[in-house]
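This is query-v8.txt (compact mmCIF, C-alpha atoms).
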# COMPACT_ATOMS: atom_id res chain seq x y z
CA GLU V 1 -23.10 -25.07 9.15
CA THR V 2 -24.32 -24.43 12.69
CA PRO V 3 -23.67 -26.94 15.48
CA THR V 4 -27.00 -28.59 16.21
CA ALA V 5 -28.35 -29.68 19.56
CA MET V 6 -26.11 -32.48 20.82
CA ALA V 7 -24.36 -33.69 23.93
CA SER V 8 -22.19 -30.75 24.96
CA TYR V 9 -18.44 -31.08 25.38
CA LYS V 10 -17.07 -30.00 28.76
CA PRO V 11 -13.32 -29.24 28.77
CA LYS V 12 -11.40 -28.82 32.01
CA ALA V 13 -8.26 -27.09 30.70
CA VAL V 14 -7.94 -25.37 27.32
CA LEU V 15 -4.68 -24.32 25.64
CA LEU V 16 -5.25 -21.31 23.35
CA THR V 17 -2.31 -20.86 20.99
CA GLY V 18 -1.82 -17.30 19.76
CA GLY V 19 -4.05 -16.16 22.60
CA ALA V 20 -2.55 -12.66 22.82
CA GLY V 21 -3.56 -11.86 19.25
CA PHE V 22 -6.61 -9.86 18.21
CA ILE V 23 -9.27 -12.54 17.78
CA ALA V 24 -7.97 -15.11 20.25
CA SER V 25 -7.54 -12.56 23.06
CA ASN V 26 -11.19 -11.55 22.67
CA VAL V 27 -12.19 -15.22 22.73
CA CYS V 28 -10.02 -15.84 25.79
CA ILE V 29 -11.39 -12.89 27.78
CA HIS V 30 -14.97 -13.95 27.11
CA LEU V 31 -14.34 -17.60 28.00
CA VAL V 32 -12.33 -16.89 31.15
CA GLN V 33 -14.97 -14.50 32.49
CA LYS V 34 -17.95 -16.66 31.57
CA HIS V 35 -16.58 -20.10 32.53
CA PRO V 36 -14.73 -19.77 35.87
CA ASP V 37 -14.68 -23.55 36.37
CA ILE V 38 -12.49 -24.10 33.28
CA LEU V 39 -8.77 -23.28 33.12
CA PHE V 40 -7.67 -21.31 30.07
CA VAL V 41 -3.95 -21.23 29.26
CA VAL V 42 -2.73 -18.79 26.62
CA TYR V 43 0.39 -19.88 24.76
CA ASP V 44 1.86 -17.05 22.68
CA LYS V 45 5.33 -15.94 21.57
CA ILE V 46 4.21 -12.25 21.53
CA ASP V 47 4.98 -11.48 17.90
CA TYR V 48 4.74 -7.98 16.40
CA CYS V 49 0.95 -8.16 16.00
CA SER V 50 0.11 -9.57 19.44
CA ASN V 51 0.17 -7.80 22.76
CA ILE V 52 0.13 -9.11 26.30
CA LYS V 53 -1.95 -6.06 27.28
CA ASN V 54 -4.81 -7.50 25.20
CA LEU V 55 -5.30 -9.98 28.04
CA SER V 56 -5.20 -7.47 30.90
CA PRO V 57 -8.91 -7.89 31.84
CA VAL V 58 -8.26 -11.52 32.90
CA PHE V 59 -4.63 -11.51 33.95
CA ARG V 60 -5.40 -11.80 37.67
CA MET V 61 -8.22 -14.30 37.36
CA LYS V 62 -7.70 -17.72 38.94
CA ASN V 63 -8.71 -19.70 35.86
CA PHE V 64 -6.19 -17.98 33.58
CA GLU V 65 -2.52 -18.76 32.92
CA PHE V 66 -0.02 -17.42 30.40
CA VAL V 67 2.96 -19.17 28.82
CA LYS V 68 5.31 -17.23 26.54
CA GLY V 69 6.51 -19.58 23.84
CA ASP V 70 6.66 -20.54 20.18
CA ILE V 71 4.48 -23.37 18.88
CA LEU V 72 7.60 -24.60 17.04
CA SER V 73 9.06 -25.48 20.45
CA ALA V 74 7.63 -28.95 20.99
CA ASP V 75 9.32 -29.38 24.38
CA LEU V 76 7.70 -26.26 25.78
CA VAL V 77 4.30 -27.13 24.32
CA ASN V 78 4.51 -30.61 25.86
CA PHE V 79 5.55 -29.09 29.17
CA ALA V 80 2.53 -26.75 29.16
CA ILE V 81 0.17 -29.60 28.26
CA SER V 82 1.56 -31.70 31.11
CA LYS V 83 1.79 -28.95 33.74
CA PHE V 84 -1.73 -27.64 33.23
CA ARG V 85 -3.31 -31.02 32.36
CA ILE V 86 -4.60 -29.67 29.07
CA ASP V 87 -7.44 -31.67 27.54
CA THR V 88 -8.31 -29.29 24.66
CA ILE V 89 -6.15 -27.38 22.18
CA TYR V 90 -7.70 -24.33 20.49
CA HIS V 91 -5.18 -23.47 17.78
CA PHE V 92 -5.39 -19.79 16.79
CA ALA V 93 -1.66 -19.06 16.38
CA ALA V 94 -0.73 -18.05 12.83
CA GLN V 95 0.84 -15.46 10.60
CA THR V 96 -2.25 -13.91 8.99
CA HIS V 97 -1.49 -10.79 6.98
CA VAL V 98 -1.82 -11.44 3.22
CA ASP V 99 0.40 -8.51 2.19
CA ASN V 100 3.27 -9.79 4.34
CA SER V 101 3.01 -13.21 2.72
CA PHE V 102 4.00 -11.70 -0.62
CA GLY V 103 7.28 -10.51 0.89
CA ASN V 104 8.46 -13.22 3.29
CA SER V 105 6.35 -16.24 2.43
CA LEU V 106 8.72 -18.74 4.09
CA THR V 107 7.76 -17.29 7.49
CA PHE V 108 4.17 -18.28 6.76
CA THR V 109 5.17 -21.83 5.87
CA SER V 110 7.24 -22.09 9.04
CA ASN V 111 4.63 -20.68 11.42
CA ASN V 112 1.41 -21.90 9.85
CA VAL V 113 2.37 -25.27 8.41
CA LEU V 114 5.33 -26.47 10.47
CA GLY V 115 3.88 -24.84 13.59
CA THR V 116 0.60 -26.72 13.16
CA HIS V 117 2.48 -29.95 12.41
CA THR V 118 4.50 -29.50 15.61
CA LEU V 119 1.28 -29.09 17.62
CA LEU V 120 -0.14 -32.22 16.03
CA GLU V 121 2.92 -34.18 17.08
CA CYS V 122 2.51 -32.78 20.58
CA TRP V 123 -1.05 -34.07 20.52
CA ARG V 124 0.25 -37.50 19.51
CA SER V 125 2.54 -37.47 22.53
CA ASN V 126 -0.40 -36.62 24.80
CA LYS V 127 -3.35 -38.16 22.99
CA GLU V 128 -4.58 -40.05 26.04
CA GLN V 129 -4.97 -36.69 27.78
CA VAL V 130 -5.88 -34.23 24.99
CA LYS V 131 -9.37 -35.12 23.80
CA ARG V 132 -10.04 -32.34 21.29
CA PHE V 133 -8.06 -30.26 18.78
CA ILE V 134 -9.82 -27.23 17.26
CA HIS V 135 -7.95 -25.81 14.29
CA VAL V 136 -8.78 -22.20 13.39
CA SER V 137 -8.42 -21.66 9.66
CA THR V 138 -9.76 -19.04 7.24
CA ASP V 139 -12.23 -18.72 4.37
CA GLU V 140 -9.24 -17.58 2.29
CA VAL V 141 -8.58 -21.28 1.60
CA TYR V 142 -11.58 -21.25 -0.76
CA GLY V 143 -9.91 -18.72 -3.04
CA GLU V 144 -11.24 -15.56 -4.67
CA ASN V 145 -14.89 -14.75 -5.41
CA LYS V 146 -14.51 -15.64 -9.08
CA VAL V 147 -13.31 -19.12 -8.19
CA SER V 148 -15.99 -19.54 -5.55
CA THR V 149 -18.64 -18.44 -8.04
CA ASN V 150 -17.50 -21.11 -10.49
CA ILE V 151 -17.69 -23.71 -7.73
CA ARG V 152 -21.25 -22.64 -6.91
CA LYS V 153 -22.23 -22.92 -10.56
CA MET V 154 -20.80 -26.43 -10.74
CA ASP V 155 -22.55 -27.41 -7.51
CA GLN V 156 -25.87 -26.06 -8.78
CA LYS V 157 -25.53 -27.98 -12.04
CA ASP V 158 -25.12 -31.13 -9.98
CA GLY V 159 -28.30 -30.33 -8.13
CA ALA V 160 -26.45 -29.70 -4.88
CA SER V 161 -26.79 -26.79 -2.52
CA ALA V 162 -24.98 -23.59 -3.41
CA PHE V 163 -22.06 -24.05 -1.02
CA GLU V 164 -21.02 -27.08 1.01
CA GLU V 165 -17.68 -27.51 2.75
CA SER V 166 -17.52 -31.20 1.92
CA LYS V 167 -17.86 -30.50 -1.83
CA SER V 168 -15.84 -27.30 -2.06
CA MET V 169 -12.23 -27.41 -3.14
CA LEU V 170 -9.43 -25.56 -1.40
CA LEU V 171 -8.15 -23.10 -4.00
CA PRO V 172 -5.88 -20.60 -2.22
CA THR V 173 -4.59 -17.72 -4.34
CA ASN V 174 -1.86 -16.22 -2.12
CA PRO V 175 0.97 -17.63 0.05
CA TYR V 176 -0.90 -16.95 3.30
CA ALA V 177 -4.01 -18.81 2.17
CA ALA V 178 -1.86 -21.64 0.78
CA SER V 179 -0.12 -22.05 4.13
CA LYS V 180 -3.46 -22.23 5.94
CA ALA V 181 -4.78 -24.76 3.42
CA ALA V 182 -1.66 -26.87 3.87
CA ALA V 183 -2.10 -26.74 7.66
CA GLU V 184 -5.71 -27.88 7.26
CA LEU V 185 -4.63 -30.81 5.12
CA MET V 186 -2.15 -31.86 7.79
CA VAL V 187 -4.92 -31.76 10.39
CA THR V 188 -7.16 -33.83 8.11
CA ALA V 189 -4.34 -36.33 7.54
CA TYR V 190 -3.92 -36.80 11.29
CA MET V 191 -7.66 -37.31 11.65
CA HIS V 192 -7.48 -40.22 9.21
CA SER V 193 -4.07 -41.64 10.14
CA PHE V 194 -4.08 -41.20 13.92
CA GLN V 195 -7.77 -40.61 14.77
CA LEU V 196 -7.14 -37.01 15.81
CA PRO V 197 -10.41 -35.71 17.37
CA ALA V 198 -10.38 -32.45 15.41
CA ILE V 199 -12.73 -29.66 14.39
CA ILE V 200 -11.83 -27.11 11.70
CA THR V 201 -13.20 -23.57 11.51
CA ARG V 202 -12.99 -21.28 8.47
CA GLY V 203 -13.73 -17.67 9.29
CA ASN V 204 -14.52 -14.44 7.47
CA ASN V 205 -12.46 -11.31 8.04
CA VAL V 206 -12.97 -10.02 11.57
CA TYR V 207 -12.77 -6.42 12.79
CA GLY V 208 -13.09 -4.63 16.09
CA PRO V 209 -11.26 -2.94 18.99
CA ARG V 210 -7.54 -3.65 19.55
CA GLN V 211 -7.03 -4.97 16.02
CA TYR V 212 -3.48 -4.47 14.75
CA PRO V 213 -3.51 -1.50 12.31
CA GLU V 214 -2.09 -3.44 9.35
CA LYS V 215 -5.54 -4.96 8.69
CA LEU V 216 -7.95 -3.30 6.27
CA VAL V 217 -10.56 -1.71 8.55
CA PRO V 218 -8.22 0.00 11.06
CA LYS V 219 -5.74 0.80 8.28
CA PHE V 220 -8.38 2.50 6.12
CA LEU V 221 -9.77 4.42 9.11
CA PHE V 222 -6.29 5.73 9.87
CA ARG V 223 -5.66 6.69 6.25
CA MET V 224 -9.03 8.43 5.92
CA GLU V 225 -8.29 10.49 9.02
CA LYS V 226 -5.03 11.58 7.36
CA GLY V 227 -6.68 12.26 3.99
CA MET V 228 -4.64 9.51 2.34
CA LYS V 229 -5.60 7.23 -0.56
CA LEU V 230 -7.26 3.88 0.10
CA CYS V 231 -5.46 1.29 -2.02
CA VAL V 232 -6.52 -2.31 -2.71
CA HIS V 233 -5.04 -5.11 -4.79
CA GLY V 234 -6.03 -5.54 -8.44
CA LYS V 235 -9.05 -3.69 -9.81
CA GLY V 236 -10.97 -3.63 -6.56
CA THR V 237 -13.63 -6.04 -7.83
CA PRO V 238 -13.28 -8.89 -5.25
CA ARG V 239 -15.79 -8.76 -2.40
CA ARG V 240 -15.04 -9.55 1.23
CA SER V 241 -17.32 -10.41 4.14
CA TYR V 242 -16.60 -8.90 7.54
CA LEU V 243 -17.68 -10.08 10.99
CA TYR V 244 -17.55 -8.02 14.18
CA VAL V 245 -15.26 -9.62 16.74
CA ASP V 246 -17.95 -10.12 19.40
CA ASP V 247 -19.98 -12.17 16.92
CA ALA V 248 -16.92 -14.25 16.07
CA VAL V 249 -16.31 -14.85 19.78
CA LYS V 250 -19.83 -16.27 20.21
CA ALA V 251 -19.22 -18.64 17.29
CA PHE V 252 -15.91 -19.88 18.71
CA GLU V 253 -17.54 -20.42 22.10
CA LEU V 254 -20.36 -22.41 20.52
CA ILE V 255 -17.88 -24.56 18.58
CA LEU V 256 -15.85 -25.26 21.73
CA PHE V 257 -18.83 -26.61 23.66
CA GLN V 258 -21.18 -27.84 20.93
CA GLY V 259 -18.94 -28.51 17.93
CA GLU V 260 -18.85 -32.03 16.56
CA VAL V 261 -15.54 -33.79 15.95
CA GLY V 262 -14.84 -34.22 12.24
CA GLU V 263 -16.85 -31.19 11.15
CA VAL V 264 -15.79 -28.02 9.32
CA TYR V 265 -17.61 -24.85 10.42
CA ASN V 266 -17.74 -21.66 8.36
CA VAL V 267 -17.75 -18.67 10.71
CA GLY V 268 -19.12 -15.57 9.01
CA THR V 269 -21.98 -13.79 7.35
CA LYS V 270 -23.85 -14.48 4.13
CA GLU V 271 -23.75 -10.82 3.17

Encoding of this model in structure tokens:
Amino acid sequence: ETPTAMASYKPKAVLLTGGAGFIASNVCIHLVQKHPDILFVVYDKIDYCSNIKNLSPVFRMKNFEFVKGDILSADLVNFAISKFRIDTIYHFAAQTHVDNSFGNSLTFTSNNVLGTHTLLECWRSNKEQVKRFIHVSTDEVYGENKVSTNIRKMDQKDGASAFEESKSMLLPTNPYAASKAAAELMVTAYMHSFQLPAIITRGNNVYGPRQYPEKLVPKFLFRMEKGMKLCVHGKGTPRRSYLYVDDAVKAFELILFQGEVGEVYNVGTKE
């Protein structure tokens, strides 16, 4: 669903969690350069797949600040919210690599579920100040193509449109996707229980410059250069949609300023 024409939202200070990662750093650079009247604060613990150098184009700009910290540290999050008078949280921070979730799945629960829950509690402590919480999720929560196809068939039998967020179940099929679905449900619970002014995004796979090489596109490019095999899970029948990072950035910008509280936005391509 695309945000329609509506009264635009005008934040004054945005906290971007995980802002030194691949997607969020691209979003941050674009927003800092295009909106000099808004303060953007990146909050990132600098894990293995993030890099402070990703933010080098904006590091000296007046409307940019950086805080090194873990979202599990509620005291530090609350300090950042207070110090920079944050009114909007854009929550990108997450463990995202599916393969890693098969090995150490508890890390995904800790970072993605407990981390999100910690941020939500920080919002509760500052809810008079923080007016919007945008939770960045993934289309992986819908499950594999086979499952999605069955959902479409059921929707079509009911005379509904082929795919609607409000009528589509969350059917994750790996620990990473399950952790993101659980985080979404926590956000939804806070919307109902505490009137959290939240927006949820579910994005396709994204590719582009500075992406960590564990992800499929840069990994396959590297392996092809070395004449190595290109291996995928299962029989190779599942299909995946990919979105170039600049296109994803435009979507996240649109959602920040035009997104409607309570909505779920799919960010991707129909191809």

Compile the contact shell of segment 248-250 of chain V as a count of residues only: residues with an atom at most 8 Å away, counting only C-alpha atoms, same-chain residues fewer than 5 positions apart removed. 8

Residues near Glu140 of chain V, anyone? I mean within 9 Å using all atoms listed in the file, not counting same-chain ones fewer than 6 positions away, as a VMD selection string. chain V and resid 170 to 174 176 to 178 180 to 181 202 to 204

Need the axis-aligned box for segment 49-64 of chain V with 5 Å each side, so what are the centre and edges in Å to one decimal, as JSON?
{"center_x": -4.0, "center_y": -12.9, "center_z": 27.5, "size_x": 19.9, "size_y": 23.6, "size_z": 32.9}

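Straight-line separation from atom CA of Lys62 of chain V to atom CA of Val32 of chain V: 9.1 Å.
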
Surrounding residues of Asn112 of chain V excluding itself and chain neighbours under 5 positions, 8 Å, all atoms listed in the file, as a ChimeraX atom specification: /V:93-95,179-180,183

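Counting from atom CA of Thr17 of chain V, the distance to atom CA of Ile81 of chain V is 11.6 Å.
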
So which residues fall inside 8 Å of (8.0, -26.6, 14.4) if we count all atoms listed in the file? Mind giving them as an mmCIF file with C-alpha atoms, keeping the file's coordinate frame?
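So the final result, stored in out.cif, reads:
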data_model
loop_
_atom_site.group_PDB
_atom_site.id
_atom_site.type_symbol
_atom_site.label_atom_id
_atom_site.label_comp_id
_atom_site.auth_asym_id
_atom_site.auth_seq_id
_atom_site.Cartn_x
_atom_site.Cartn_y
_atom_site.Cartn_z
ATOM 1 C CA ILE V 71 4.480 -23.370 18.880
ATOM 2 C CA LEU V 72 7.600 -24.600 17.040
ATOM 3 C CA SER V 73 9.060 -25.480 20.450
ATOM 4 C CA ALA V 74 7.630 -28.950 20.990
ATOM 5 C CA SER V 110 7.240 -22.090 9.040
ATOM 6 C CA ASN V 111 4.630 -20.680 11.420
ATOM 7 C CA LEU V 114 5.330 -26.470 10.470
ATOM 8 C CA GLY V 115 3.880 -24.840 13.590
ATOM 9 C CA THR V 116 0.600 -26.720 13.160
ATOM 10 C CA HIS V 117 2.480 -29.950 12.410
ATOM 11 C CA THR V 118 4.500 -29.500 15.610
ATOM 12 C CA LEU V 119 1.280 -29.090 17.620
#

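Atom CA of Ala198 of chain V lies 13.2 Å from atom CA of Phe257 of chain V.
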
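Minimum atom-to-atom distance to Met61 of chain V, evaluated using only C-alpha atoms, belongs to V:Asp37 out of V:Glu144, V:Asp37, V:Glu128, V:Glu121.
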
Taking into account only C-alpha atoms, which residue in the set V:Ile86, V:Cys28, V:Val42, V:Val58 is nearest to Asp70 of chain V? V:Val42

Contacts of Val261 of chain V at 10 Å or less, counting all atoms listed in the file, minus same-chain residues fewer than 2 places along, as a PDB file with C-alpha atoms, in the coordinates of the input?
ATOM      1  CA  ARG V 132     -10.040 -32.340  21.290  1.00  0.00           C
ATOM      2  CA  PHE V 133      -8.060 -30.260  18.780  1.00  0.00           C
ATOM      3  CA  ILE V 134      -9.820 -27.230  17.260  1.00  0.00           C
ATOM      4  CA  MET V 191      -7.660 -37.310  11.650  1.00  0.00           C
ATOM      5  CA  LEU V 196      -7.140 -37.010  15.810  1.00  0.00           C
ATOM      6  CA  PRO V 197     -10.410 -35.710  17.370  1.00  0.00           C
ATOM      7  CA  ALA V 198     -10.380 -32.450  15.410  1.00  0.00           C
ATOM      8  CA  ILE V 199     -12.730 -29.660  14.390  1.00  0.00           C
ATOM      9  CA  ILE V 200     -11.830 -27.110  11.700  1.00  0.00           C
ATOM     10  CA  ILE V 255     -17.880 -24.560  18.580  1.00  0.00           C
ATOM     11  CA  GLN V 258     -21.180 -27.840  20.930  1.00  0.00           C
ATOM     12  CA  GLY V 259     -18.940 -28.510  17.930  1.00  0.00           C
ATOM     13  CA  GLU V 263     -16.850 -31.190  11.150  1.00  0.00           C
ATOM     14  CA  VAL V 264     -15.790 -28.020   9.320  1.00  0.00           C
TER      15      VAL V 264
END

Pick from V:Asn63, V:Gly18, V:Asp139, V:Leu106, whichever lies nearest to Lys34 of chain V using all atoms listed in the file: V:Asn63

Using only C-alpha atoms, can you tell me which of V:Ser168, V:Arg124, V:Tyr43, V:Lys68 comes closest to Tyr142 of chain V? V:Ser168

Distance query Gly21 of chain V at most 12 Å, all atoms listed in the file, self and fewer than 5 positions along chain excluded, as a PyMOL selection string: chain V and resi 16+26-29+42-55+91-96+209-212
